[in-house]
Each structure stands twice: as C-alpha cells, then as structure tokens.
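Taking it in order: structure first as structure tokens, then the write-up.
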Amino acid sequence: MGSQFLSASTALTRRAVMGLAMAASLVLAAGMPAEAAPKTSLTLGMSVEPTGLDPTIAAPVAIGQVTWQNVFEGLTTIDRNGKVQPQLAESWTISPDGLIYTFKLRQGVTFHNGEAFDSAVAKFSIDRARGADSVNPQKRYFAAIDTVETPDAATLVLKLKQPAGSLLYWLGWPSSSIVAPKSAADNKTTPIGTGPFKFVSWTKGASVELARNPDYWNKAGAARLDKATFRFIADAQAQAAALKAGDVDAFPEFGAPELIDSLKGDARLATVIGNTELKVVAGMNNAKKPFDDKRVRQALMMAVDRQAVIDGAWSGFGTPIGSHYTPNDRGYVDLTKTYPYDPQKAKALLAEAGYPNGFSFTMKAPQMAYAQRASQILQAMLAEIGVTMTIETTEFPAKWVADVFKGGNYDMTIVAHAEPMDIDIYARDPYYFNYKNPTFNEILKKVEATADPAAQEKLYAEAQTILATDVPALYLFVMPKLGVWDKKVAGLWENEPIPSNVLSEVHWTE
Amino acid sequence: MIALIVRRLAGLIVTLLLVSAVIFAVMDLLPGDPASVILGTSASPDTLAALQKEMGLDRPLAVRYVAWLAGVLQGDFGRSYTYGVPVAGLIAERLSVTVPLALIAILISVVLAIPLGVQAARHQNGGWDVFSGLFSHVSIAVPAFWVGLLLIILFSTTLGWLPAGGFPGWAGGVGAALMALLLPAVALALPQAGVLMRVTRSAVLEVMNEDFVRTARAKGLSEQTALWRHAVPNALIPVVTMLGLQFTFLIAGAVLVENVFNLPGLGRLAYQALSQRDVVVMQDVVLFFSALVILMNFLVDLAYLLIDPRLRAGVR
C-alpha cells in the first residue's frame, strides 16, 4: 500500500514538474523577445483624431500628422531639421529674376492605386489647390503662381507673378501634397498618395491603420515597419495608462507635462523632450485702448516672468521666446532680453503712458489647459503692476475663431500658433492683432523677393526684432514636444519643425 | 389597449417633429462657422465661401431644415463634415459600443442594487441597511470617471489583467470586446446602482406596510416569500421608471467615462462633433437621443401595463 501511495505521489510529482517546466519554458519564450526577430508593427498614440485624411482640403494639423510623408508626398519635402529637400521633384532651377521655377520630376513613381505620377498629375494638384473653387487651407501659398506648364512628362514649369522666395518650402507642406486625379475626391476618407505607407483602414473614433507600400519608388527610403497604427486618445490620463500598459508603443506628442514624471519611472519607456513650432502668445487688440499704445504693451511684457509662466502652465517644459519665432526656425535670434522681467520698470513705463494706477481688461482664454493655466499666472503677474485681468473662457476653435479671430471682439487672448514660419501673420490685413507696421510689411515683402537663404535669414532677424520691440503680442514660450516611447523604438523625430509623424525610418531595434 | 398604443405613437411622432425643429434652430444659433473650423486661421475669404457653398451652408435656414428633415424621413441622415461618411453609419458604429456598454452597466447595477435595496428594506435600520446606505452614498458621491481611473490603475497598469482603454471591435472576438467594456461598465454601474438601490429600498419599504403584505403573512407565508412574491413585484414600478431613465442616461451621458477609457461611443461622437461644429452629426445625434428618450418613456409606460394588472383593466 505504502509503495502504491509512493508511486502515485511520484507520478503526480513528475507530472507536476514536467508541467511546471513546460509552463516555465512558455513563459520564458514569451518573455524573451530578444531571441525573436524585431517587431515590425508599431502603435502610435495621438491626442487628436484627424477630421478627414486629406491635408489639402482642411487645416487641422492632425491630418498631416497621420498622412504627411507616410501616405502623401510633395514636390519638395521638409526634413527633420526643417530644411527643404527634393522629393517628387528631383531637382529644380530658378530663373535669375526668381519668376520661373523649372522642376525635373522623378520618373517611375506610382500612386497606391497604380496611377503614374508625371507632370500632368503635378499640374492637376497645383491647379486644384489654387483654382477658383479650391478649399485648400493654404491657398495663399499658391497665389504667386501665374501659369503651370508641362513641356514634357518629366518637366513642370511654374511661372510666377511676383517672386516667392518661400515657394520651395511651401511646396513641402502637407497642404501642398501631390494627389492623383482619379482618387483626389475621395482622399478625405481613403487617402491615396505616393508615400512609403498605404492607407488600410480608419475606425472612426479609434484608429487609422497604414501598411508598408511594397512598390515604393525610393528603395533607400522604404518603410521598415510592415504596419503602423495611429490610435487616438484624447484624455491625458488615458494616454498615460495606454503607455504604461503597453497598448501604445509611442506617444510622440504626449498631452500632459504634469504626468511626464510618472512615466519617467518606467524603465521600458524613454522620454524625449524636443521642440515644436507651437508658439504660445498672448495676442493683444492693437487697435483698442490702451493696447494701441506701444508703451503699455511693452510694460505688460516686462511684467511677465516667462520662466514662471512655463513652470506653472507646462510643468517647466518649454522654451521662452521674445518674438514670434522658434529656435527651430532658420535665422532665429534670442530676443527674450529685449523686455526682460522687471516689474518696477514696467510700472514706471505704465505711468509714463498715462496709467499710473493701472487699468482693467478681459482675457479671452480658450479651454485648453496651457491657455487656462498661463492666463491665471499672467493675471497674478499683471496684478503686481496694478493691472486687473478678468479671465473669460471661450471655446476653441469654433467660438474663438468667430469671436476673437474674425470678430476682433477682444482685449487680450492666448493661443499656441501652430503653423511653422508664420511670422508673416503680423503683415496680414486683416488679422486679429490689428497690428499695422509698414516697415515690418516691407521686410516680409523683401523675404519673398529673394531666394537666397542667407539674405532671407537676415531679413527674418530684422522682422523678429521689430516684433520683440513693438510687442503686438506677449511672447511667452514654445511648446515642447513631449515624446514618450518604448526604448526599443528608433527613428522618430525628436523635434517637430513641421507638425508630423514621419514613420519611414522608424523601426524596432531588437 | 391597442388604441392607446396607437394614440401614444402618434403623439410621439408629433413630439419628434417639434424637437427636430428646435434642434435645428439651436444648432444654427451656436456661435462658430463649420467652414472656418475646417479651414483654420490662414484661409482666405474666397476659400471659406467656396467651402460653405460646397457644404450647402450658403442656403437659407428654412431650406436647409426642410432638406435635412426630408433626408431623415427617407433614412438619409446626411454626411459628416469632418469624417466625410454617412452619419447613419457613424451612429450605428458607435451604438455597437454604447448599447452593449449600457446594457452591461444596467445589468451590474440591477444585480447589485435590487438585492441590496430589498435587504435594506427588510432589515430597516439594521446592519444591512447601514451598509447599503453607506454604499449608495459613496457610489453616488464618487464621480464615475474617477472610479474609472482607479479601476485602470488597479486592473490595467498594476495587475495587467484588463486593457487600459480602447475598443478592439466585435470583429476581433466577443471575448476581447467584452473585456474592454467590463471596467467602464463597472465605473458606469456604481453610481447608477447607488440610486437604484435607494429607490428599491424606499419602494419596498412603502409596500411592506401595505395591508396585502400583512394579509400574505397572516395567510401563513414566510417573511421571505411574502417579501419576494408580494412586496417586491408591487414595488417594481418606481424601479422600472428609474431603469428607463438610467438607460437613456447611459446611452447619452457616458461621455466622461468613454473619454477615460478611450471608447468610441456615442457620447464621444456627440462631443467631438460639437467641438468641430460638425453640425449634421450633432443634429442627427441629438435627434437620436431625443427619439430614444421619447421611446424609452413609451416603453416604460408599456412596462407599467405589464407589471400592474390594474392599469391594464383601466384601459381595456
């Protein structure tokens, strides 16, 4: 009996041991991806879901952040350093007077639907963007073009009405993407481009899926991932949870700086803080008393401690700016010392302008966290020099655009200007700042009159300096690019010279 | 009884027509123009005009209303400005998340609330009563989205048992979809359970003091049998009313919890459409919500007839 018991228990033990060993080997196998080939799919998180997937008919940056350089390409492109590079145009020549651009187009490029790319397609795209019923959000970029000619299938000639020194840069934008005549009308729901990734599906409210384009024209620049999924997660807490749980591999623009520290503790994740083009500025109505007086605006600027704003509004992440220009932009000059924080001087200047006892005004602050927090800090800072700010929350974008941007019905407001190299907005008329300075406008005209980068950079420096001195808006800071991703993911852009998520070079290292 | 139902249905359609006009007018009064939201701050006036024309926004209000209503009556709910797809499909997609979510939440809430409420009534001022009173206070006081966050921290990021958010879709398997809905359903169910428990408790308490329950006891039925066979069925009317309200709330008002769990539900569609001024989607979703509320009230009325034989006798 005893032996029977013994043998039974031995058998049981043996079975248990074998089972354990099998389980352990399974667990080990699952837990050791190092032995397996690197993953070839990536899930990327974004805060905002794009509204449609055609960057040539709508402005929201989220559209370009999914499609630009992944699905769609342009005649030119903008690289991770913000420099213009050739893409579907192999090379170009510019006539000495800057009025004729002759592009040599790349041969053998096909769209994802099989349509061939040639000069007729390029002409179609440009004419579609500049035509009478164009709904291109950056139609103004094509305004200088007089005629588009196609001497042969590989040559495109743009003849301009007046020189446009930024044309090559503008042609690299998402809104200048080259689209195929047959599929253009449906790009909003099923985008078809020439890029390294093909559109697969869009689950509205949740995700967009892209797959590698096996027939991509540029073998050297072909996608290294087989599959890329963009997942849209609006809530910052949900973003953090998705990262920690491994539901997303990367969040190139994480939404909440106050949660970054909680992610830094995770050994699996890397936090990469870079720059964006998002300039947070508190615009003033320069046509309205007392903001029509330059001294008042300068005094307000001196009342602001930029670093304190960054600390309070964005947990210390961000770069102070003294003008409407970011350190990413070519020809950047640090002008934060033009009117440095000095409440005493601010008070004196305010008195000189006729407001020894300060004044009261209303800040129309959008609902976004950065705008609300920065407004509250500005409120406290301006109180120090006797200026009373009342904060009124407004809904962005709809109500803000109607009320502040178009209606001009405001004293001060605060938004992050997202478009790269948009210093020319101060020369636009009408524009919500109501800032009018002929000297400034003249400089911006000169920028377009030359195609020489060095000359342009010098002019941009002059333009920045004028704004820093005139203070049409309180220049606060550039938003950081809070990148959080799996340490084994490589190839994502650290900075964002143009809103994008370029995936062609992205891969898993192990 | 059939005549009553037909009369109610006719009233329902008239109400919906009135509601549709109000919705359309209110949406038109909202500040902000859909075209400028789409084209951003760099668009020139002629581009804006071109888009407004393309979207049909250049037509007078009455013309747009009639066009929309005619479409809705033929089952064409229009096309979303932002997504570029038919709204009916969008709503249907979202309902495949929201309806199961609401049903699971209701189920959890009923399973928790009714036994707790009945027990609390039976042992009024006893231990059960104190416990369920505490439960209902806490679950009503604590916001559902916060409960959601705590659940995510515990079950997703710490234990790794359940997904932190998102919805894999039903095509990927019923199991995975149910797993994704479980935590949000619990978060939604708790406050609802608190309310439902209170309603159940007070309804049962009221009925327990009625003569017929005393009669049932006098007849020799045990306290349990008298409670479940006589008191509880008679206490169901307020409970069913509450359930009807809660169901419509869960379909329309789950937006905060949907946000925390990143679920593509109907509430989030409405919220996104509002912030993007996707007017067509807003009109359709609000009309759908209104239809749902009206229909739920109708169904609750019908349920009364089923529960209470006296009402049936009255309308015969």
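By order of appearance in the structure tokens: chains A, B, ..., then residues from 1 within every chain, and ligands from 1 in the order shown.
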Discussion item. Can you work out which residues from chain A touch chain B at a cut-off of 9 Å (counting only C-alpha atoms) and hand them back as an MDAnalysis selection string?
Written reply: chainID A and resid 50:53 57:60 132:140 186 188:189 204:206 231:239 241:242 244:247 395:403 405 425
Item to complete: Just the strand (DSSP E) stuff from stretch 381-491 of chain A, please, per backbone DSSP, written as a PyMOL selection string.
Response: chain A and resi 388-394+412-413+415-417+473-486+489-490
Residue selection dump (C-alpha atoms) as a PDB file, in the first residue's frame:
ATOM      1  CA  THR A 388      -6.535  93.871 -13.400  1.00  0.00           C
ATOM      2  CA  MET A 389      -7.248  90.993 -15.752  1.00  0.00           C
ATOM      3  CA  THR A 390     -10.622  89.280 -15.878  1.00  0.00           C
ATOM      4  CA  ILE A 391     -10.443  85.832 -17.413  1.00  0.00           C
ATOM      5  CA  GLU A 392     -13.294  84.801 -19.665  1.00  0.00           C
ATOM      6  CA  THR A 393     -13.156  81.273 -21.018  1.00  0.00           C
ATOM      7  CA  THR A 394     -14.001  80.861 -24.675  1.00  0.00           C
ATOM      8  CA  MET A 412      -6.250  90.021 -24.993  1.00  0.00           C
ATOM      9  CA  THR A 413      -6.313  86.328 -25.829  1.00  0.00           C
ATOM     10  CA  VAL A 415      -3.306  80.651 -28.176  1.00  0.00           C
ATOM     11  CA  ALA A 416      -0.493  78.497 -29.481  1.00  0.00           C
ATOM     12  CA  HIS A 417       0.188  79.366 -33.118  1.00  0.00           C
ATOM     13  CA  ALA A 473       1.536  90.153 -28.544  1.00  0.00           C
ATOM     14  CA  LEU A 474       3.122  88.929 -25.332  1.00  0.00           C
ATOM     15  CA  TYR A 475       5.646  86.323 -26.492  1.00  0.00           C
ATOM     16  CA  LEU A 476       5.711  83.574 -23.911  1.00  0.00           C
ATOM     17  CA  PHE A 477       7.118  80.182 -24.897  1.00  0.00           C
ATOM     18  CA  VAL A 478       7.426  77.431 -27.468  1.00  0.00           C
ATOM     19  CA  MET A 479       5.605  74.248 -26.568  1.00  0.00           C
ATOM     20  CA  PRO A 480       7.889  71.288 -26.021  1.00  0.00           C
ATOM     21  CA  LYS A 481       7.450  68.077 -27.958  1.00  0.00           C
ATOM     22  CA  LEU A 482       6.938  65.610 -25.134  1.00  0.00           C
ATOM     23  CA  GLY A 483       7.911  62.374 -26.816  1.00  0.00           C
ATOM     24  CA  VAL A 484       7.378  59.191 -24.839  1.00  0.00           C
ATOM     25  CA  TRP A 485       8.104  55.859 -26.453  1.00  0.00           C
ATOM     26  CA  ASP A 486       9.374  52.356 -25.947  1.00  0.00           C
ATOM     27  CA  VAL A 489      11.736  52.141 -30.939  1.00  0.00           C
ATOM     28  CA  ALA A 490      14.143  54.196 -33.061  1.00  0.00           C
TER      29      ALA A 490
END
Item to complete: May I ask which of the residues B:Leu295, B:Ala189, B:Ile307, B:Val280 is the closest one to B:Trp68, counting only C-alpha atoms?
Response: B:Val280
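All residues of protein, DNA or RNA that reach within 12 Å of B:Phe249, judged by only C-alpha atoms and not counting those fewer than 2 positions away in the chain, are Thr98, Val99, Leu101, Ala102, Leu103, Ala105, Ile106, Leu188, Ala189, Pro191, Gln192, Met242, Leu243, Gly244, Leu245, Gln246, Phe247, Ile251, Ala252, Gly253, Ala254, Val255, Leu266, Gly267, Phe289, Ser290, Leu292, Val293 and Met296 of chain B.
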Practice prompt. Could you give me the residues within stretch 85-228 of chain B that DSSP places in alpha helix (DSSP H), as an MDAnalysis selection string?
Written response: chainID B and resid 87:122 127:141 144:151 174:208 211:218 223:225
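Near A:Val179, within a cut-off of 6 Å and counting only C-alpha atoms, sit the residues Ser125, Ala184 and Gly193 of chain A, with same-chain residues fewer than 2 positions away left out.
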Worksheet item: Do you know which residues are at most 8 Å from A:Ala461 counting only C-alpha atoms, after dropping those on the same chain fewer than 3 positions away, and could you put them as a PyMOL selection string?
Response: chain A and resi 331-333+457-458+464-465
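For the set A:Ile466, A:Ile260, A:Ile273, A:Glu90, the residue with the smallest atom-to-atom gap to A:Pro438 is A:Ile466, counting only C-alpha atoms.
By only C-alpha atoms, and with residues fewer than 4 positions from A:Asp411 along its chain excluded, the set lying at most 9 Å from it is Gly283, Met284, Asn285, Asn286, Lys288, Lys289, Phe291, Phe361, Thr362, Met363 and Lys364 of chain A.
Atom CA of A:Lys488 lies 5.3 Å from atom CA of A:Thr509.
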Worksheet entry | All residues 7 Å or closer to A:Asp118, only C-alpha atoms, same chain fewer than 4 positions away omitted, as a ChimeraX atom specification | /A:122,153-154
